[in-house]
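coords-v2.txt follows (compact mmCIF, C-alpha atoms):
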# COMPACT_ATOMS: atom_id res chain seq x y z
CA MET A 1 -37.20 4.18 -5.22
CA ARG A 2 -37.81 6.84 -2.59
CA THR A 3 -34.08 7.53 -2.22
CA ARG A 4 -33.60 7.73 -5.97
CA LEU A 5 -36.45 10.26 -6.27
CA ALA A 6 -35.04 12.32 -3.41
CA LEU A 7 -31.60 12.41 -5.01
CA ALA A 8 -33.02 13.43 -8.34
CA LEU A 9 -35.06 16.28 -6.85
CA CYS A 10 -32.18 17.54 -4.73
CA ALA A 11 -29.89 17.45 -7.76
CA ALA A 12 -32.40 19.45 -9.76
CA LEU A 13 -32.68 22.05 -7.00
CA ALA A 14 -28.94 22.26 -6.55
CA GLY A 15 -28.16 23.23 -10.13
CA PRO A 16 -24.88 22.44 -11.92
CA ALA A 17 -21.93 21.56 -9.72
CA LEU A 18 -18.49 23.05 -10.18
CA ALA A 19 -16.10 20.95 -12.25
CA GLN A 20 -13.44 19.35 -10.06
CA THR A 21 -11.10 16.41 -9.91
CA THR A 22 -12.84 13.45 -8.30
CA PRO A 23 -11.86 9.81 -7.77
CA ALA A 24 -14.26 8.86 -10.55
CA ASN A 25 -12.77 11.46 -12.91
CA GLN A 26 -9.27 10.15 -12.17
CA ALA A 27 -10.41 6.59 -12.86
CA VAL A 28 -11.92 7.76 -16.15
CA ALA A 29 -8.64 9.48 -17.08
CA ASP A 30 -6.71 6.28 -16.37
CA ALA A 31 -9.22 4.21 -18.34
CA GLU A 32 -9.08 6.60 -21.28
CA ALA A 33 -5.30 6.35 -21.35
CA ALA A 34 -5.66 2.55 -21.38
CA ALA A 35 -8.22 2.80 -24.17
CA ALA A 36 -5.71 4.82 -26.20
CA LEU A 37 -3.24 1.94 -25.84
CA LEU A 38 -5.88 -0.47 -27.10
CA ARG A 39 -6.74 1.66 -30.11
CA ALA A 40 -3.07 2.13 -30.95
CA ALA A 41 -2.44 -1.62 -30.78
CA ILE A 42 -5.41 -2.40 -33.00
CA GLY A 43 -4.36 0.33 -35.43
CA GLN A 44 -0.96 -1.33 -35.88
CA LEU A 45 -2.44 -4.57 -37.17
CA ALA A 46 -2.37 -3.54 -40.84
CA GLU A 47 1.28 -2.49 -40.54
CA ALA A 48 2.15 -5.74 -38.77
CA VAL A 49 0.77 -7.82 -41.63
CA SER A 50 3.18 -6.17 -44.06
CA ALA A 51 6.18 -6.03 -41.70
CA ASP A 52 9.42 -7.77 -42.62
CA ASP A 53 9.31 -9.73 -39.38
CA GLN A 54 5.64 -10.45 -38.83
CA VAL A 55 6.29 -12.43 -35.65
CA VAL A 56 7.81 -9.44 -33.89
CA ALA A 57 5.22 -7.00 -35.22
CA LEU A 58 2.22 -9.19 -34.39
CA THR A 59 3.62 -9.97 -30.95
CA GLU A 60 3.82 -6.24 -30.25
CA VAL A 61 0.22 -5.77 -31.40
CA ILE A 62 -1.10 -8.53 -29.14
CA ARG A 63 1.05 -7.55 -26.17
CA GLY A 64 0.00 -3.91 -26.52
CA TYR A 65 -3.65 -4.93 -26.64
CA GLU A 66 -3.35 -7.13 -23.55
CA LEU A 67 -1.48 -4.47 -21.56
CA GLY A 68 -4.17 -1.97 -22.55
CA LEU A 69 -6.84 -4.40 -21.38
CA ALA A 70 -5.08 -4.87 -18.05
CA ALA A 71 -4.79 -1.12 -17.52
CA LEU A 72 -8.43 -0.63 -18.54
CA ARG A 73 -9.45 -3.36 -16.11
CA GLY A 74 -7.75 -1.39 -13.33
CA GLY A 75 -9.50 1.84 -14.29
CA LEU A 76 -12.89 0.17 -14.48
CA ARG A 77 -12.37 -1.57 -11.14
CA GLN A 78 -11.40 1.73 -9.52
CA ALA A 79 -14.42 3.50 -11.04
CA SER A 80 -16.84 0.75 -10.02
CA GLY A 81 -15.45 0.81 -6.51
CA ARG A 82 -16.09 4.54 -6.33
CA GLU A 83 -19.67 4.06 -7.53
CA ALA A 84 -20.26 1.39 -4.89
CA GLU A 85 -18.81 3.70 -2.22
CA LEU A 86 -21.18 6.52 -3.22
CA ARG A 87 -24.20 4.24 -3.31
CA ASP A 88 -23.35 2.87 0.14
CA ARG A 89 -23.11 6.43 1.40
CA PHE A 90 -26.53 7.25 -0.07
CA GLU A 91 -28.03 4.22 1.63
CA ALA A 92 -26.46 5.10 4.98
CA GLN A 93 -27.83 8.66 4.73
CA ARG A 94 -31.29 7.72 3.53
CA ASP A 95 -33.11 9.44 6.45
CA GLN A 96 -30.94 12.54 6.27
CA LEU A 97 -31.56 12.87 2.53
CA ALA A 98 -35.27 12.59 3.09
CA ARG A 99 -35.13 15.45 5.60
CA VAL A 100 -33.09 17.60 3.23
CA LEU A 101 -35.60 16.92 0.48
CA GLY A 102 -38.50 17.89 2.73
CA ALA A 103 -36.85 21.10 3.85
CA MET A 104 -35.89 22.14 0.33
CA THR A 105 -39.34 21.32 -0.99
CA ALA A 106 -40.83 23.58 1.70
CA LEU A 107 -38.46 26.36 0.65
CA GLN A 108 -39.83 26.20 -2.88
CA GLN A 109 -43.24 27.31 -1.55
CA SER A 110 -43.97 30.99 -1.05
CA PRO A 111 -42.30 31.99 2.25
CA GLU A 112 -44.35 35.21 2.48
CA SER A 113 -47.73 33.46 2.58
CA THR A 114 -46.36 30.92 5.05
CA MET A 115 -45.21 33.59 7.52
CA LEU A 116 -48.51 35.52 7.28
CA LEU A 117 -50.25 32.47 8.74
CA HIS A 118 -47.79 32.10 11.66
CA PRO A 119 -49.91 31.88 14.86
CA ALA A 120 -47.34 33.77 17.00
CA GLY A 121 -47.56 36.98 15.02
CA ALA A 122 -45.05 39.34 13.44
CA LEU A 123 -42.15 38.75 15.87
CA ALA A 124 -42.29 35.00 15.25
CA ASN A 125 -42.46 35.71 11.53
CA ALA A 126 -39.24 37.72 11.73
CA ARG A 127 -37.50 35.02 13.75
CA SER A 128 -38.60 32.35 11.25
CA GLY A 129 -37.17 34.39 8.40
CA MET A 130 -33.83 34.70 10.18
CA ILE A 131 -33.68 30.96 10.86
CA LEU A 132 -34.52 30.09 7.24
CA SER A 133 -31.91 32.51 5.92
CA GLY A 134 -29.33 30.75 8.08
CA VAL A 135 -30.43 27.22 7.14
CA THR A 136 -30.69 27.78 3.40
CA PRO A 137 -26.90 27.91 2.67
CA GLY A 138 -26.45 24.63 4.52
CA LEU A 139 -29.19 22.99 2.50
CA ARG A 140 -27.66 24.37 -0.65
CA ALA A 141 -24.28 22.88 0.30
CA GLU A 142 -25.93 19.51 0.97
CA ALA A 143 -27.62 19.63 -2.42
CA GLU A 144 -24.39 20.58 -4.21
CA ALA A 145 -22.58 17.68 -2.55
CA LEU A 146 -25.33 15.33 -3.67
CA GLN A 147 -25.12 16.71 -7.19
CA ALA A 148 -21.36 16.10 -7.26
CA ASP A 149 -21.84 12.51 -6.13
CA LEU A 150 -24.53 11.93 -8.74
CA ASP A 151 -22.24 13.41 -11.40
CA GLU A 152 -19.53 10.94 -10.38
CA ILE A 153 -21.92 8.01 -10.76
CA ALA A 154 -23.01 9.29 -14.17
CA THR A 155 -19.34 9.60 -15.18
CA VAL A 156 -18.67 6.00 -14.17
CA ARG A 157 -21.70 4.74 -16.07
CA GLN A 158 -20.62 6.62 -19.21
CA LEU A 159 -17.13 5.15 -18.92
CA GLN A 160 -18.52 1.63 -18.64
CA SER A 161 -20.78 2.13 -21.65
CA ASN A 162 -17.98 3.55 -23.80
CA ALA A 163 -15.55 0.79 -22.77
CA ALA A 164 -18.02 -1.97 -23.61
CA GLY A 165 -18.59 -0.58 -27.09
CA MET A 166 -14.90 -0.13 -27.84
CA LEU A 167 -13.88 -3.56 -26.57
CA GLY A 168 -16.52 -5.36 -28.58
CA SER A 169 -15.41 -3.65 -31.78
CA GLY A 170 -11.71 -4.42 -31.19
CA LEU A 171 -11.99 -8.10 -30.34
CA ASP A 172 -12.09 -9.29 -33.94
CA SER A 173 -8.84 -7.46 -34.69
CA VAL A 174 -6.84 -9.05 -31.89
CA GLN A 175 -8.26 -12.50 -32.69
CA GLU A 176 -7.04 -12.04 -36.25
CA ALA A 177 -3.63 -10.99 -34.91
CA ARG A 178 -3.40 -14.19 -32.87
CA ARG A 179 -4.32 -16.31 -35.89
CA LEU A 180 -1.73 -14.55 -38.05
CA LEU A 181 0.91 -14.93 -35.33
CA ALA A 182 0.49 -18.71 -35.20
CA SER A 183 0.90 -18.85 -38.97
CA ALA A 184 3.86 -16.46 -39.02
CA VAL A 185 5.77 -18.44 -36.37
CA THR A 186 5.29 -21.62 -38.40
CA ASP A 187 6.46 -19.94 -41.59
CA ARG A 188 9.46 -18.14 -40.11
CA SER A 189 12.56 -19.91 -41.39
CA SER A 190 15.23 -17.58 -40.01
CA MET A 191 15.04 -18.89 -36.45
CA PRO A 192 18.56 -19.91 -35.39
CA ALA A 193 18.96 -23.43 -34.03
CA ARG A 194 21.46 -24.40 -31.35
CA TYR A 195 21.24 -28.13 -32.04
CA ALA A 196 19.12 -30.64 -33.91
CA GLU A 197 15.98 -32.08 -32.35
CA ASP A 198 16.32 -35.51 -30.80
CA PRO A 199 12.68 -36.67 -30.74
CA GLU A 200 13.36 -40.30 -29.84
CA GLU A 201 15.25 -39.43 -26.66
CA LEU A 202 12.67 -36.82 -25.69
CA GLN A 203 9.76 -39.16 -26.34
CA ALA A 204 11.36 -41.91 -24.28
CA LEU A 205 12.02 -39.47 -21.45
CA ARG A 206 8.45 -38.16 -21.57
CA ALA A 207 7.03 -41.70 -21.50
CA ALA A 208 9.12 -42.67 -18.48
CA ALA A 209 8.59 -39.50 -16.44
CA GLN A 210 5.96 -39.73 -13.73
CA SER A 211 5.96 -36.04 -12.88
CA LEU A 212 7.01 -32.68 -14.26
CA ASP A 213 9.93 -32.73 -11.82
CA ASP A 214 11.16 -36.07 -13.22
CA PHE A 215 10.77 -34.79 -16.77
CA ALA A 216 12.63 -31.51 -16.16
CA THR A 217 15.41 -33.31 -14.30
CA GLY A 218 15.80 -35.73 -17.20
CA ILE A 219 15.99 -32.89 -19.73
CA ALA A 220 18.63 -31.14 -17.63
CA ARG A 221 20.73 -34.32 -17.75
CA MET A 222 20.58 -34.56 -21.54
CA GLU A 223 23.65 -32.30 -21.67
CA LYS A 224 22.52 -30.22 -24.60
CA ASP A 225 24.94 -27.30 -24.70
CA VAL A 226 23.29 -23.99 -25.48
CA GLY A 227 26.71 -22.39 -25.75
CA ALA A 228 27.95 -19.38 -23.85
CA PRO A 229 25.05 -17.21 -22.69
CA MET A 230 24.62 -14.10 -24.81
CA ASP A 231 23.65 -12.18 -21.69
CA ASP A 232 24.19 -12.52 -17.96
CA PHE A 233 21.08 -14.45 -16.88
CA GLU A 234 22.11 -14.65 -13.25
CA GLY A 235 22.57 -10.90 -13.28
CA ALA A 236 18.93 -10.55 -14.35
CA ARG A 237 17.70 -11.82 -10.99
CA GLY A 238 14.92 -9.56 -9.78
CA SER A 239 14.36 -7.85 -13.14
CA LEU A 240 12.55 -10.35 -15.39
CA ALA A 241 9.15 -9.41 -16.78
CA LEU A 242 6.34 -11.90 -16.29
CA PRO A 243 5.71 -14.00 -19.41
CA VAL A 244 1.98 -13.25 -19.49
CA VAL A 245 -0.47 -10.55 -18.43
CA GLY A 246 -2.39 -11.95 -15.48
CA THR A 247 -2.71 -12.37 -11.73
CA VAL A 248 -0.52 -14.59 -9.54
CA LEU A 249 -3.04 -16.86 -7.84
CA ARG A 250 -0.66 -19.07 -5.87
CA PRO A 251 2.93 -18.17 -5.09
CA TYR A 252 5.81 -20.60 -4.74
CA ARG A 253 4.85 -23.71 -2.73
CA GLU A 254 1.57 -22.27 -1.49
CA PRO A 255 -0.99 -25.11 -1.13
CA ASP A 256 -4.16 -24.99 -3.20
CA ALA A 257 -7.65 -25.92 -1.97
CA ALA A 258 -6.76 -29.61 -2.17
CA GLY A 259 -3.59 -29.09 -0.15
CA VAL A 260 -1.30 -29.59 -3.16
CA SER A 261 1.68 -27.23 -3.32
CA ARG A 262 3.82 -26.69 -6.41
CA PRO A 263 7.37 -25.32 -6.68
CA GLY A 264 6.29 -22.55 -9.03
CA TRP A 265 3.67 -19.90 -9.67
CA VAL A 266 0.09 -20.40 -10.84
CA ILE A 267 -0.93 -17.35 -12.87
CA ALA A 268 -4.52 -16.60 -13.89
CA THR A 269 -4.81 -15.24 -17.43
CA ALA A 270 -7.50 -14.22 -19.86
CA PRO A 271 -8.49 -16.70 -22.59
CA ALA A 272 -6.03 -16.85 -25.51
CA ALA A 273 -3.45 -14.74 -23.64
CA LEU A 274 -0.01 -14.47 -25.23
CA VAL A 275 2.93 -16.13 -23.43
CA GLN A 276 6.45 -14.80 -24.09
CA THR A 277 9.92 -15.77 -22.98
CA PRO A 278 11.34 -13.10 -20.66
CA TRP A 279 14.97 -13.88 -21.59
CA PRO A 280 16.89 -15.23 -24.61
CA ALA A 281 16.61 -19.00 -24.42
CA THR A 282 16.82 -22.26 -26.34
CA ILE A 283 13.77 -24.51 -26.61
CA ARG A 284 14.50 -27.84 -24.93
CA TYR A 285 10.98 -29.30 -25.14
CA ARG A 286 7.61 -28.32 -26.53
CA GLY A 287 4.49 -30.44 -26.53
CA PRO A 288 1.94 -32.19 -24.29
CA PHE A 289 2.91 -33.71 -20.97
CA LEU A 290 0.69 -35.65 -18.55
CA ASP A 291 -2.24 -33.45 -17.46
CA TYR A 292 -0.37 -30.16 -17.84
CA GLY A 293 -1.62 -29.49 -21.36
CA ASN A 294 1.10 -28.22 -23.66
CA VAL A 295 4.42 -27.58 -21.96
CA MET A 296 7.31 -25.39 -23.12
CA ILE A 297 10.72 -25.87 -21.48
CA VAL A 298 13.43 -23.39 -22.40
CA GLU A 299 17.05 -23.00 -21.31
CA PRO A 300 18.02 -19.37 -20.66
CA ALA A 301 21.54 -20.28 -19.55
CA ARG A 302 23.66 -23.32 -18.85
CA GLY A 303 22.17 -25.17 -15.88
CA TYR A 304 18.88 -23.23 -15.81
CA LEU A 305 15.48 -24.26 -17.11
CA MET A 306 12.28 -22.23 -17.34
CA ILE A 307 8.99 -24.13 -17.63
CA PHE A 308 5.65 -22.89 -18.93
CA ALA A 309 2.76 -25.34 -18.57
CA GLY A 310 -0.92 -25.21 -19.41
CA LEU A 311 -0.72 -23.64 -22.87
CA SER A 312 -3.15 -24.42 -25.67
CA GLN A 313 -0.70 -23.70 -28.50
CA VAL A 314 3.10 -23.74 -28.44
CA PHE A 315 5.35 -22.09 -31.01
CA GLY A 316 8.76 -23.05 -32.33
CA GLU A 317 10.74 -26.29 -32.44
CA VAL A 318 13.23 -27.95 -30.15
CA GLY A 319 16.60 -26.29 -30.67
CA ASP A 320 15.22 -22.90 -31.73
CA VAL A 321 16.96 -19.98 -30.10
CA LEU A 322 14.47 -17.36 -28.91
CA LYS A 323 15.06 -13.70 -28.23
CA ALA A 324 13.66 -12.04 -25.13
CA GLY A 325 10.00 -11.28 -25.79
CA ASP A 326 9.55 -13.93 -28.47
CA PRO A 327 6.18 -15.72 -28.28
CA VAL A 328 6.22 -19.27 -26.95
CA GLY A 329 2.48 -19.91 -27.19
CA LEU A 330 -1.09 -18.94 -26.44
CA MET A 331 -3.38 -19.89 -23.57
CA GLY A 332 -6.61 -21.74 -24.25
CA GLY A 333 -10.17 -20.91 -23.34
CA ALA A 334 -13.03 -19.36 -25.26
CA GLU A 335 -13.58 -15.61 -25.41
CA ALA A 336 -17.10 -14.25 -25.42
CA PRO A 337 -18.48 -13.21 -28.82
CA ALA A 338 -17.62 -9.66 -29.85
CA GLN A 339 -21.10 -8.36 -29.05
CA GLU A 340 -20.85 -9.76 -25.51
CA PHE A 341 -17.15 -9.35 -24.76
CA GLY A 342 -17.26 -5.68 -23.83
CA SER A 343 -20.10 -5.85 -21.34
CA GLN A 344 -18.73 -9.05 -19.80
CA PHE A 345 -15.26 -7.54 -19.45
CA VAL A 346 -16.72 -4.48 -17.70
CA ALA A 347 -18.67 -6.71 -15.30
CA ASP A 348 -15.59 -8.85 -14.57
CA ALA A 349 -13.41 -5.77 -14.01
CA ALA A 350 -15.85 -4.49 -11.40
CA GLN A 351 -15.40 -7.76 -9.48
CA GLY A 352 -11.62 -7.45 -9.57
CA ALA A 353 -8.95 -10.05 -8.87
CA GLU A 354 -9.08 -12.99 -11.30
CA ALA A 355 -12.66 -12.50 -12.55
CA GLY A 356 -12.70 -13.16 -16.28
CA ARG A 357 -9.25 -14.76 -16.15
CA SER A 358 -10.34 -18.34 -16.62
CA GLU A 359 -7.02 -19.87 -17.72
CA THR A 360 -3.99 -20.73 -15.59
CA LEU A 361 -0.36 -20.75 -16.61
CA TYR A 362 2.12 -22.64 -14.46
CA LEU A 363 5.58 -21.05 -14.29
CA GLU A 364 8.58 -22.84 -12.82
CA LEU A 365 12.26 -21.88 -12.71
CA ARG A 366 14.96 -24.46 -12.03
CA GLN A 367 18.70 -24.53 -11.49
CA GLY A 368 20.04 -28.04 -11.82
CA ASN A 369 17.75 -30.28 -9.78
CA GLU A 370 16.54 -27.46 -7.54
CA THR A 371 13.52 -25.23 -8.05
CA LEU A 372 13.80 -21.49 -7.48
CA ASP A 373 11.21 -19.06 -6.12
CA PRO A 374 10.10 -16.91 -9.08
CA ALA A 375 9.55 -14.00 -6.67
CA ASP A 376 13.34 -13.60 -6.52
CA TRP A 377 13.58 -13.28 -10.30
CA PHE A 378 10.45 -11.60 -11.66
CA VAL A 379 9.17 -8.05 -11.33
CA LEU A 380 5.50 -7.47 -10.60
CA ASN A 381 3.99 -4.21 -11.81
CA PRO A 382 0.63 -2.37 -11.59
CA VAL A 383 -0.97 -4.32 -14.42
CA VAL A 384 0.48 -7.70 -13.53
CA ASP A 385 0.40 -8.21 -9.79
CA PRO A 386 -0.30 -10.78 -7.10
CA GLN A 387 -3.89 -11.24 -5.99
CA GLN A 388 -4.46 -8.70 -3.25
CA ASP A 389 -8.00 -7.42 -3.71

Would you put the structure from the file into structure tokens?
Amino acid sequence: MRTRLALALCAALAGPALAQTTPANQAVADAEAAAALLRAAIGQLAEAVSADDQVVALTEVIRGYELGLAALRGGLRQASGREAELRDRFEAQRDQLARVLGAMTALQQSPESTMLLHPAGALANARSGMILSGVTPGLRAEAEALQADLDEIATVRQLQSNAAGMLGSGLDSVQEARRLLASAVTDRSSMPARYAEDPEELQALRAAAQSLDDFATGIARMEKDVGAPMDDFEGARGSLALPVVGTVLRPYREPDAAGVSRPGWVIATAPAALVQTPWPATIRYRGPFLDYGNVMIVEPARGYLMIFAGLSQVFGEVGDVLKAGDPVGLMGGAEAPAQEFGSQFVADAAQGAEAGRSETLYLELRQGNETLDPADWFVLNPVVDPQQD
């Protein structure tokens, strides 16, 4: 309480600080740009409903919203980190701030009456005046620096308040977009098919498989020809976009807390996150498998399989040919109610890393019977990156 009072008094004495670019202001600028993405995505919902291809339009709305959220998360995390840095500085300088406050409070008293009472007489009075005139600019500089820091904290708090309000109001729109997408994928009849579904063979294979590796190996041996690849998949090595907005929790073959390692990536995502195929591919399997939840296995080229596991909903049917960016499903999990989502998102963003990303998508890439390290194929970017903080 004492420090807070000292800061407030010093800020009042210092007067308005000069406008300047600060780390907090930069974080606010980044967050505002992200917020613009969110508003634009939400604004496109009405157009998506009336679009000729609702699946494509709704996918763009949801993807735009999620990318905006990821960028906003980064801005909020940066701003909150700056606030914590300033508060730590205040705490470390508690004694110094108290001395500045005392000195500046003394300066607010009448200096003339103070010097008249000086016991050493007129010469001492003159010396005191010279010392005070030299000290005052330094005190003023200290106060202006404190004012600037307080302004940064106020800027961060305003950003957090605005973000919480905007996010809460936009949640209903994106939830409606997800609901419409699931319906639109089911209704879309123009999806090309490479071959007819063979449910009996798939069901027998699923029943016999004891692991995801056994299952994927069996599917690869089913010799379903997807035809000549429309694009050079092998040439795409190192350039694929991640299928979901999230954080890579465990890279290829990194053991988890129980010592279990998997030949793929575990990616933390937000509840109900959209999962897309990063390359044109044919659906080889979609449905539940063991304890992986819903699994989607697609074939981007002859001899290659891409596996997504842990989904709540999966879209399409076996044999459907997907374009790059087509939705393959949605993650599970429950989002907070609209009135709570904004404030909770802001709090999670301040924590960083995977806070608020309660769902996990498992991504595996295979060539024949061998698994491949996704790090050699996928590009990580500023809004979808490995856990580093």

- Message: List the spatial neighbours of range 347-360 of chain A as a PyMOL selection string - criterion: any atom at most 7 Å away, all atoms listed in the file, same-chain residues fewer than 2 positions off excluded.
- Response: chain A and resi 73+76-77+80+247+266-271+310+331-333+343-345+362+387+389

- Item | From A:Arg262, A:Gln54, A:Leu167, A:Thr155, residue lying nearest Gly68 in chain A [only C-alpha atoms] |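 Among the listed residues, A:Leu167 lies closest to Gly68 in chain A.
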
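Atom pair CA of Arg302 in chain A / CA of Ala324 in chain A has a distance of 16.3 Å (rounded to one decimal).
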
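Those DNA, RNA and protein residues that approach the point (7.6, -21.8, -16.5) to within 7 Å, considering all atoms listed in the file, are Met306, Ile307, Phe308, Ala309, Tyr362, Leu363, Glu364 and Leu365 of chain A.
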
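Shortest separation to Ala301 in chain A among A:Pro280, A:Pro327, A:Pro192, A:Gly75 occurs at residue A:Pro280, atoms counted being all atoms listed in the file.
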
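Once Gln26 in chain A and its same-chain neighbours fewer than 3 positions away are set aside, Gln20, Thr21, Thr22, Pro23, Ala29, Asp30, Ala31, Glu32, Ala33, Gly74, Gly75, Leu76, Gln78, Ala79, Arg82, Glu152, Thr155, Val156 and Leu159 of chain A remain within 12 Å of it when counting all atoms listed in the file.
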
- d(CA of Phe315 in chain A, CA of Val328 in chain A) in Å: 5.0 Å

- Task: Considering all atoms listed in the file, return as a VMD selection string whatever protein or nucleic-acid residues lie within 12 Å of range 42-52 of chain A, sequence-local ones (same chain, fewer than 3 positions apart) excluded.
- Result: chain A and resid 35 to 39 55 to 66 68 to 69 166 to 167 169 to 181 183 to 184 188 190

- Item | From A:Pro278, A:Gly218, A:Gly246, A:Gly168, residue lying nearest Leu67 in chain A [all atoms listed in the file] |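 The shortest atom-to-atom distance to Leu67 in chain A comes from A:Gly246.
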
- Message: Here is a test: counting only C-alpha atoms, which residue of A:Ala141, A:Ala164, A:Val248, A:Ile297 is nearest to Leu202 in chain A?
- Response: A:Ile297

I'd like the contact shell of Arg237 in chain A - 9 Å cut-off, only C-alpha atoms, skipping same-chain residues fewer than 4 positions apart - returned as a compact mmCIF listing (two decimals) with C-alpha atoms, in the frame of the given file.
# COMPACT_ATOMS: atom_id res chain seq x y z
CA PHE A 233 21.08 -14.45 -16.88
CA ASP A 376 13.34 -13.60 -6.52
CA TRP A 377 13.58 -13.28 -10.30
CA PHE A 378 10.45 -11.60 -11.66

- Task: Could you please determine the separation between CA of Val275 in chain A and CA of Leu330 in chain A in Å, to one decimal place?
- Result: 5.8 Å
